[in-house]
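Q: File name input27.txt; file contents compact mmCIF, C-alpha atoms and all ligand atoms; full text below.
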# COMPACT_ATOMS: atom_id res chain seq x y z
CA MET A 337 176.54 95.37 8.35
CA ARG A 338 175.25 91.80 8.58
CA SER A 339 171.60 91.64 9.56
CA LEU A 340 170.56 89.70 12.69
CA THR A 341 167.65 87.29 12.69
CA VAL A 342 166.04 87.07 16.11
CA GLY A 343 163.19 84.67 16.90
CA VAL A 344 160.64 85.10 19.66
CA LEU A 345 159.09 81.82 20.75
CA ALA A 346 155.41 82.42 20.03
CA LEU A 347 153.66 79.46 21.64
CA GLN A 348 152.64 81.18 24.90
CA GLY A 349 153.16 84.40 26.86
CA ASP A 350 153.75 88.06 26.05
CA VAL A 351 155.11 87.55 22.56
CA SER A 352 154.16 90.90 21.02
CA GLU A 353 155.83 92.88 23.85
CA HIS A 354 159.07 90.98 23.22
CA ILE A 355 158.83 91.55 19.47
CA GLU A 356 158.33 95.30 20.00
CA ALA A 357 161.14 95.54 22.59
CA THR A 358 163.51 93.70 20.22
CA LYS A 359 162.62 95.87 17.22
CA SER A 360 163.08 99.04 19.31
CA ALA A 361 166.45 97.80 20.55
CA GLY A 362 167.53 97.15 16.94
CA THR A 363 166.48 100.68 15.98
CA LEU A 364 168.37 102.16 18.95
CA LEU A 365 171.50 100.22 18.01
CA LYS A 366 171.06 101.10 14.33
CA ILE A 367 171.49 97.47 13.29
CA PRO A 368 169.50 95.74 10.57
CA ILE A 369 167.36 93.16 12.30
CA THR A 370 164.62 90.72 11.34
CA VAL A 371 162.34 89.55 14.15
CA ILE A 372 160.28 86.43 13.57
CA SER A 373 157.61 84.63 15.60
CA VAL A 374 158.77 81.06 16.17
CA ARG A 375 155.87 78.61 15.99
CA ILE A 376 157.30 75.51 14.33
CA ALA A 377 160.66 73.73 14.51
CA GLY A 378 161.67 74.95 11.04
CA ASP A 379 161.51 78.58 12.26
CA LEU A 380 164.49 77.86 14.53
CA GLU A 381 166.87 76.97 11.74
CA THR A 382 167.98 80.38 10.54
CA LEU A 383 168.11 82.16 13.90
CA ASP A 384 171.08 84.08 15.28
CA ALA A 385 169.22 84.42 18.57
CA LEU A 386 166.08 83.25 20.34
CA ILE A 387 163.96 84.93 23.03
CA ILE A 388 161.85 82.68 25.26
CA PRO A 389 159.04 84.69 26.91
CA GLY A 390 157.43 84.04 30.28
CA GLY A 391 154.34 81.91 30.62
CA GLU A 392 154.27 78.59 32.40
CA SER A 393 157.39 76.50 32.11
CA THR A 394 155.79 73.03 32.07
CA THR A 395 153.23 74.16 29.47
CA LEU A 396 155.97 75.79 27.39
CA GLN A 397 158.01 72.59 27.61
CA LYS A 398 155.07 70.47 26.44
CA LEU A 399 154.22 72.82 23.56
CA CYS A 400 157.89 72.84 22.44
CA GLU A 401 158.05 69.05 22.64
CA ARG A 402 154.79 68.70 20.69
CA GLU A 403 156.30 70.84 17.93
CA GLY A 404 159.54 68.81 18.00
CA MET A 405 161.49 71.93 18.93
CA PHE A 406 163.50 70.90 21.98
CA GLN A 407 166.69 69.65 20.29
CA LYS A 408 166.67 72.46 17.71
CA MET A 409 166.29 75.09 20.45
CA LYS A 410 169.39 73.72 22.15
CA LYS A 411 171.36 74.45 18.99
CA VAL A 412 170.54 78.18 18.93
CA LYS A 413 173.71 79.90 20.11
CA ASN A 414 172.27 83.02 21.73
CA ILE A 415 169.22 82.69 23.97
CA PHE A 416 167.43 85.14 26.28
CA GLY A 417 164.89 83.62 28.67
CA THR A 418 162.52 85.67 30.83
CA CYS A 419 160.75 84.10 33.81
CA ALA A 420 159.43 80.74 32.53
CA GLY A 421 162.05 81.18 29.76
CA ALA A 422 164.75 81.41 32.45
CA ILE A 423 163.43 78.17 33.96
CA LEU A 424 163.70 76.51 30.54
CA LEU A 425 167.35 77.58 30.30
CA ALA A 426 168.34 76.30 33.76
CA LYS A 427 170.30 73.13 34.41
CA GLU A 428 168.76 72.76 37.88
CA VAL A 429 165.17 73.49 38.92
CA LEU A 430 163.80 73.35 42.47
CA HIS A 431 160.08 72.60 42.93
CA LYS A 432 159.69 71.24 39.43
CA THR A 433 156.91 68.86 38.53
CA SER A 434 157.82 65.18 38.37
CA ASP A 435 158.04 65.11 34.58
CA GLN A 436 159.44 68.62 34.08
CA LYS A 437 162.37 68.95 31.69
CA THR A 438 164.41 71.94 30.63
CA LEU A 439 166.88 72.74 27.87
CA ALA A 440 169.56 72.52 30.61
CA LEU A 441 171.87 75.07 28.99
CA MET A 442 172.72 77.49 31.82
CA ASN A 443 174.63 76.77 35.00
CA ILE A 444 171.96 78.17 37.29
CA GLU A 445 169.67 76.70 39.90
CA VAL A 446 166.23 78.32 39.81
CA ASP A 447 163.50 77.95 42.39
CA ARG A 448 160.17 77.83 40.60
CA ASN A 449 157.31 79.98 42.02
CA ALA A 450 159.60 81.03 44.90
CA TYR A 451 157.88 84.40 45.37
CA GLY A 452 154.53 82.72 46.03
CA ARG A 453 151.27 82.53 44.16
CA GLN A 454 150.01 84.50 41.15
CA ASN A 455 148.27 87.09 43.39
CA GLU A 456 151.57 87.71 45.18
CA SER A 457 153.06 89.04 41.94
CA PHE A 458 154.62 92.50 42.33
CA GLU A 459 156.42 95.40 40.69
CA ARG A 460 159.58 96.83 42.26
CA VAL A 461 162.58 99.01 41.52
CA ILE A 462 165.67 96.82 41.26
CA GLU A 463 169.40 97.46 40.80
CA THR A 464 170.78 96.36 37.44
CA GLU A 465 173.99 96.72 35.43
CA PHE A 466 172.06 99.27 33.38
CA GLY A 467 170.90 101.37 36.33
CA GLN A 468 167.78 101.21 38.47
CA MET A 469 164.78 99.72 36.74
CA ASN A 470 161.15 99.05 37.49
CA ALA A 471 160.70 95.28 37.27
CA VAL A 472 157.55 93.18 37.07
CA PHE A 473 157.62 89.79 38.82
CA ILE A 474 154.73 87.49 37.87
CA ARG A 475 154.79 84.23 39.82
CA ALA A 476 158.50 84.48 39.24
CA PRO A 477 161.29 82.05 40.02
CA LYS A 478 164.33 82.97 42.14
CA ILE A 479 167.83 82.25 40.92
CA ARG A 480 169.30 80.47 43.95
CA THR A 481 172.81 79.74 42.69
CA VAL A 482 174.90 80.59 39.64
CA GLY A 483 177.98 78.84 38.29
CA LYS A 484 181.43 80.38 38.82
CA LYS A 485 181.75 81.77 35.30
CA LEU A 486 178.39 83.52 35.29
CA LYS A 487 177.92 87.25 35.74
CA VAL A 488 175.08 88.67 37.83
CA LEU A 489 173.30 91.54 36.04
CA ALA A 490 170.53 92.46 38.48
CA ARG A 491 169.49 91.99 42.08
CA ASN A 492 166.27 92.45 44.01
CA GLY A 493 167.80 93.29 47.40
CA THR A 494 170.24 90.44 47.90
CA GLU A 495 168.55 88.05 45.48
CA ILE A 496 169.94 87.43 42.01
CA VAL A 497 167.25 88.17 39.43
CA ALA A 498 169.28 88.38 36.19
CA CYS A 499 172.50 86.80 35.00
CA GLU A 500 174.44 85.89 31.89
CA GLU A 501 176.67 83.01 30.80
CA ARG A 502 179.22 82.90 28.01
CA ASP A 503 180.28 79.43 27.06
CA GLY A 504 182.53 78.83 24.04
CA GLY A 505 180.69 80.76 21.34
CA ARG A 506 177.36 80.54 23.13
CA TYR A 507 175.62 83.29 25.07
CA TYR A 508 172.71 82.93 27.49
CA LEU A 509 170.83 85.63 29.40
CA ALA A 510 168.17 84.95 32.06
CA THR A 511 165.86 87.28 33.96
CA CYS A 512 163.30 86.30 36.65
CA PHE A 513 161.22 89.38 35.83
CA HIS A 514 159.65 90.71 32.62
CA PRO A 515 161.83 93.51 31.17
CA GLU A 516 159.64 93.63 28.05
CA TYR A 517 157.01 95.55 30.07
CA THR A 518 159.17 98.28 31.57
CA SER A 519 162.56 98.71 29.88
CA GLY A 520 164.40 98.10 26.64
CA ALA A 521 167.79 97.81 28.34
CA PHE A 522 167.98 94.01 28.53
CA HIS A 523 166.84 93.53 24.92
CA LYS A 524 169.42 96.08 23.76
CA TYR A 525 172.14 94.36 25.77
CA PHE A 526 171.11 90.94 24.42
CA LEU A 527 171.33 92.18 20.83
CA GLU A 528 174.76 93.69 21.54
CA GLN A 529 176.02 90.39 22.95
CA THR A 530 174.53 88.44 20.05
CA LEU A 531 176.23 90.78 17.60
CA ARG A 532 179.51 90.24 19.43
CA GLU A 533 179.13 86.45 19.15
CA VAL A 534 177.97 86.50 15.53
CA VAL A 535 180.24 89.16 14.03
CA GLY A 536 183.12 88.90 16.52
N1 LIG A 601 155.56 80.31 37.46
C1 LIG A 601 155.84 80.12 36.07
C2 LIG A 601 156.52 78.77 35.79
O1 LIG A 601 156.75 77.98 36.63
C3 LIG A 601 156.66 81.25 35.48
C4 LIG A 601 155.89 82.56 35.51
C5 LIG A 601 156.20 83.52 34.41
O2 LIG A 601 156.81 83.19 33.39
N2 LIG A 601 155.73 84.72 34.54
O3 LIG A 601 156.79 78.50 34.69
Would you write the structure of this file as structure tokens?
A:
Amino acid sequence: MRSLTVGVLALQGDVSEHIEATKSAGTLLKIPITVISVRIAGDLETLDALIIPGGESTTLQKLCEREGMFQKMKKVKNIFGTCAGAILLAKEVLHKTSDQKTLALMNIEVDRNAYGRQNESFERVIETEFGQMNAVFIRAPKIRTVGKKLKVLARNGTEIVACEERDGGRYYLATCFHPEYTSGAFHKYFLEQTLREVVG
């Protein structure tokens, strides 16, 4: 079987948790997988998939721009963004800073910091496509609207907190929470979708 190369953007945020969750998902799926920490633009070139961890979206944007990564990130065909990573994927952002930019790849509108301040962060059981799951929300965004072709994968009550978009050979997955802390299900699903796109 062809091996998958998955990069985890390693400029900010909970990088090691994502690396571990991705490796465990690869083991569960019994697929050969190489996980690399992405720190410079050149690291993006050989990737089948990229994971963008949480952190702070404007800081992440600036660090990516400083490294000359923005355009190369847009070319990666399979991307999973959590929290700030989801903001980076969104085409529309509410409450962004005046100079905030995103990769603008996913047809979602996210509302930055919509759950309140850092000390209003919380952990809650949510309903997902993969069953109930404990989810950690850290100064998380809300996904206010999704494009017609997108599929919702998780809700917190009535609010959309995870969704996916397939767009002509490209696959994007966004979560408002941090699955890397509590569950391997989203990483496993992301690898399965990447495999589907890469191998067919
Ligand atoms: N509030 C952060 C932002 O605007 C996201 C928080 C997170 O990634 N945990 O980027």
Q: I'd like to know which of A:Phe522, A:Phe513, A:Phe406, A:Tyr507 is closest to Phe473 of chain A, using only C-alpha atoms.
A: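 Nearest candidate to Phe473 of chain A out of A:Phe522, A:Phe513, A:Phe406, A:Tyr507: A:Phe513.
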Q: What's the separation between atom CA of Ser352 of chain A and atom CA of Lys524 of chain A, in Å to one decimal place?
A: 16.3 Å
Q: Counting all atoms listed in the file, figure out which residue out of A:Glu465, A:Glu495, A:Glu533, A:Glu516 gets nearest to ligand LIG 601 (chain A).
A: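 Of the candidates, the smallest distance to ligand LIG 601 (chain A) is held by A:Glu516.
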Q: Could you jot down the atom CA of Cys419 of chain A to atom CA of Thr370 of chain A separation for me, Å, one decimal place?
A: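 Distance reported for this atom pair: 23.7 Å.
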Q: Using only C-alpha atoms and all ligand atoms, can you tell me which of A:Ile376, A:Leu439, A:Cys512, A:Leu345 comes closest to ligand LIG 601 (chain A)?
A: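 That would be A:Cys512, the residue with the smallest distance to ligand LIG 601 (chain A).
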Q: Return as a Markdown table the residues of chain A lying at most 6 Å from ligand LIG 601 (chain A), together with the closest atom-to-atom pair for each and the distance in Å to one decimal, counting only C-alpha atoms and all ligand atoms, with rows in chain order and ascending residue number.
A:
| residue | atom | partner | partner_atom | distance |
| --- | --- | --- | --- | --- |
| A:Gly390 | CA | A:LIG601 | O2 | 3.3 |
| A:Gly391 | CA | A:LIG601 | O2 | 3.9 |
| A:Glu392 | CA | A:LIG601 | O3 | 3.4 |
| A:Ser393 | CA | A:LIG601 | O3 | 3.3 |
| A:Cys419 | CA | A:LIG601 | O2 | 4.1 |
| A:Ala420 | CA | A:LIG601 | O2 | 3.7 |
| A:Arg448 | CA | A:LIG601 | O1 | 5.2 |
| A:Asn449 | CA | A:LIG601 | N1 | 4.9 |
| A:Ile474 | CA | A:LIG601 | N2 | 4.4 |
| A:Arg475 | CA | A:LIG601 | N1 | 4.6 |
| A:Ala476 | CA | A:LIG601 | C4 | 4.9 |
Q: Mind dumping the selected residues with C-alpha atoms as a compact mmCIF listing (two decimals), in the coordinates of the input?
A:
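As written to disk, result.txt reads:
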# COMPACT_ATOMS: atom_id res chain seq x y z
CA GLY A 390 157.43 84.04 30.28
CA GLY A 391 154.34 81.91 30.62
CA GLU A 392 154.27 78.59 32.40
CA SER A 393 157.39 76.50 32.11
CA CYS A 419 160.75 84.10 33.81
CA ALA A 420 159.43 80.74 32.53
CA ARG A 448 160.17 77.83 40.60
CA ASN A 449 157.31 79.98 42.02
CA ILE A 474 154.73 87.49 37.87
CA ARG A 475 154.79 84.23 39.82
CA ALA A 476 158.50 84.48 39.24
Q: Can you pull out every residue within 10 Å of Leu424 of chain A, counting only C-alpha atoms, but drop anything in the same chain fewer than 5 positions away, and send it as a list of chain:residue names?
A: A:Ile388, A:Gly390, A:Glu392, A:Ser393, A:Thr394, A:Leu396, A:Gln397, A:Gly417, A:Thr418, A:Cys419, A:Val429, A:Gln436, A:Lys437, A:Thr438, A:Leu439, A:Ala440, A:Leu441, A:Met442, A:Val446, A:Ala510
Q: Check the smallest atom-to-atom distance from each of A:Pro389, A:Thr395, A:Val344, A:Gly404 to Val371 of chain A using all atoms listed in the file, then report the winner.
A: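 Among A:Pro389, A:Thr395, A:Val344, A:Gly404, it is A:Val344 that comes nearest to Val371 of chain A.
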Q: Let me know the centre plus edge lengths, in Å and rounded to one decimal, of a box with edges along x, y and z that contains all listed atoms of segment 457-463 of chain A and is padded by 3 Å on every side, as JSON.
A:
{"center_x": 161.2, "center_y": 94.0, "center_z": 41.5, "size_x": 22.3, "size_y": 16.0, "size_z": 7.6}
Q: Show me as an MDAnalysis selection string the residues that reach within 9 Å of (169.7, 88.9, 25.5), counting only C-alpha atoms and using the file's own coordinates.
A: chainID A and resid 385:387 414:417 500 507:510 522:530
Q: Next, dump the selected residues to file, keeping only C-alpha atoms, as a PDB file, keeping the file's coordinate frame.
A:
ATOM      1  CA  ALA A 385     169.220  84.420  18.570  1.00  0.00           C
ATOM      2  CA  LEU A 386     166.080  83.250  20.340  1.00  0.00           C
ATOM      3  CA  ILE A 387     163.960  84.930  23.030  1.00  0.00           C
ATOM      4  CA  ASN A 414     172.270  83.020  21.730  1.00  0.00           C
ATOM      5  CA  ILE A 415     169.220  82.690  23.970  1.00  0.00           C
ATOM      6  CA  PHE A 416     167.430  85.140  26.280  1.00  0.00           C
ATOM      7  CA  GLY A 417     164.890  83.620  28.670  1.00  0.00           C
ATOM      8  CA  GLU A 500     174.440  85.890  31.890  1.00  0.00           C
ATOM      9  CA  TYR A 507     175.620  83.290  25.070  1.00  0.00           C
ATOM     10  CA  TYR A 508     172.710  82.930  27.490  1.00  0.00           C
ATOM     11  CA  LEU A 509     170.830  85.630  29.400  1.00  0.00           C
ATOM     12  CA  ALA A 510     168.170  84.950  32.060  1.00  0.00           C
ATOM     13  CA  PHE A 522     167.980  94.010  28.530  1.00  0.00           C
ATOM     14  CA  HIS A 523     166.840  93.530  24.920  1.00  0.00           C
ATOM     15  CA  LYS A 524     169.420  96.080  23.760  1.00  0.00           C
ATOM     16  CA  TYR A 525     172.140  94.360  25.770  1.00  0.00           C
ATOM     17  CA  PHE A 526     171.110  90.940  24.420  1.00  0.00           C
ATOM     18  CA  LEU A 527     171.330  92.180  20.830  1.00  0.00           C
ATOM     19  CA  GLU A 528     174.760  93.690  21.540  1.00  0.00           C
ATOM     20  CA  GLN A 529     176.020  90.390  22.950  1.00  0.00           C
ATOM     21  CA  THR A 530     174.530  88.440  20.050  1.00  0.00           C
TER      22      THR A 530
END
Q: Can you pull out every residue within 10 Å of Ala377 of chain A, counting only C-alpha atoms, but drop anything in the same chain fewer than 2 positions away, and send it as a list in words?
A: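 Result of the neighbour search: Val374, Arg375, Asp379, Leu380, Glu381, Cys400, Glu401, Arg402, Glu403, Gly404, Met405, Phe406, Gln407, Lys408 and Met409 of chain A.
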Q: Do you have the atom CA of Tyr451 of chain A-atom CA of Ala357 of chain A distance handy?
A: 25.6 Å
Q: Show me, as a PyMOL selection string, the residues that have an atom within 12 Å of Lys484 of chain A when counting all atoms listed in the file, minus same-chain residues fewer than 4 positions from it.
A: chain A and resi 442-444+488+499-503
Q: Which residue, A:Gly378, A:Gly452, A:Gly343, A:Gly362, has the smallest gap to Gly520 of chain A when you use only C-alpha atoms?
A: A:Gly362
Q: Since the input is missing atoms for segment 503-514 of chain A, could you rebuild it with all heavy atoms and give the result as a compact mmCIF listing (two decimals), in the coordinates of the input?
A:
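Output below, filename rebuild.txt:
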# COMPACT_ATOMS: atom_id res chain seq x y z
N ASP A 503 179.75 80.78 26.99
CA ASP A 503 180.28 79.43 27.06
C ASP A 503 180.71 79.01 25.64
O ASP A 503 179.89 78.52 24.87
CB ASP A 503 179.17 78.51 27.62
CG ASP A 503 179.58 77.06 27.65
OD1 ASP A 503 180.78 76.77 27.53
OD2 ASP A 503 178.68 76.20 27.78
N GLY A 504 181.97 79.26 25.32
CA GLY A 504 182.53 78.83 24.04
C GLY A 504 181.67 79.12 22.83
O GLY A 504 181.18 78.20 22.19
N GLY A 505 181.47 80.40 22.53
CA GLY A 505 180.69 80.76 21.34
C GLY A 505 179.19 80.76 21.57
O GLY A 505 178.41 80.97 20.65
N ARG A 506 178.79 80.50 22.81
CA ARG A 506 177.36 80.54 23.13
C ARG A 506 177.13 81.62 24.18
O ARG A 506 177.99 81.87 25.01
CB ARG A 506 176.91 79.19 23.68
CG ARG A 506 176.91 78.15 22.60
CD ARG A 506 176.71 76.77 23.16
NE ARG A 506 176.40 75.89 22.07
CZ ARG A 506 175.16 75.64 21.62
NH1 ARG A 506 174.14 76.17 22.25
NH2 ARG A 506 174.97 74.87 20.60
N TYR A 507 175.94 82.23 24.12
CA TYR A 507 175.62 83.29 25.07
C TYR A 507 174.19 83.12 25.58
O TYR A 507 173.26 82.98 24.79
CB TYR A 507 175.77 84.66 24.40
CG TYR A 507 175.38 85.77 25.35
CD1 TYR A 507 176.24 86.15 26.37
CD2 TYR A 507 174.13 86.37 25.27
CE1 TYR A 507 175.87 87.12 27.29
CE2 TYR A 507 173.75 87.34 26.18
CZ TYR A 507 174.63 87.70 27.18
OH TYR A 507 174.25 88.65 28.10
N TYR A 508 174.04 83.10 26.89
CA TYR A 508 172.71 82.93 27.49
C TYR A 508 172.47 84.04 28.51
O TYR A 508 173.36 84.40 29.28
CB TYR A 508 172.60 81.58 28.19
CG TYR A 508 172.92 80.40 27.31
CD1 TYR A 508 173.93 79.52 27.64
CD2 TYR A 508 172.20 80.19 26.12
CE1 TYR A 508 174.24 78.44 26.81
CE2 TYR A 508 172.51 79.11 25.30
CZ TYR A 508 173.53 78.25 25.64
OH TYR A 508 173.83 77.20 24.82
N LEU A 509 171.23 84.55 28.49
CA LEU A 509 170.83 85.63 29.40
C LEU A 509 169.50 85.21 30.04
O LEU A 509 168.59 84.74 29.33
CB LEU A 509 170.66 86.92 28.58
CG LEU A 509 170.09 88.16 29.21
CD1 LEU A 509 170.96 88.66 30.36
CD2 LEU A 509 169.97 89.28 28.16
N ALA A 510 169.41 85.35 31.36
CA ALA A 510 168.17 84.95 32.06
C ALA A 510 167.72 86.05 33.00
O ALA A 510 168.53 86.62 33.73
CB ALA A 510 168.41 83.67 32.85
N THR A 511 166.42 86.37 32.97
CA THR A 511 165.86 87.28 33.96
C THR A 511 164.64 86.62 34.61
O THR A 511 163.87 85.93 33.93
CB THR A 511 165.41 88.63 33.34
OG1 THR A 511 164.31 88.42 32.45
CG2 THR A 511 166.54 89.32 32.61
N CYS A 512 164.47 86.84 35.93
CA CYS A 512 163.30 86.30 36.65
C CYS A 512 162.08 87.16 36.39
O CYS A 512 160.95 86.72 36.58
CB CYS A 512 163.56 86.27 38.15
SG CYS A 512 164.92 85.22 38.60
N PHE A 513 162.32 88.43 36.03
CA PHE A 513 161.22 89.38 35.83
C PHE A 513 160.95 89.55 34.33
O PHE A 513 161.53 88.82 33.51
CB PHE A 513 161.57 90.72 36.50
CG PHE A 513 162.90 91.26 36.06
CD1 PHE A 513 163.00 92.20 35.06
CD2 PHE A 513 164.07 90.81 36.65
CE1 PHE A 513 164.23 92.69 34.65
CE2 PHE A 513 165.31 91.29 36.25
CZ PHE A 513 165.38 92.22 35.24
N HIS A 514 160.08 90.51 34.02
CA HIS A 514 159.65 90.71 32.62
C HIS A 514 160.12 92.07 32.11
O HIS A 514 159.34 93.04 32.14
CB HIS A 514 158.12 90.64 32.54
CG HIS A 514 157.56 89.29 32.77
ND1 HIS A 514 157.14 88.46 31.75
CD2 HIS A 514 157.36 88.59 33.91
CE1 HIS A 514 156.70 87.33 32.24
NE2 HIS A 514 156.82 87.37 33.56
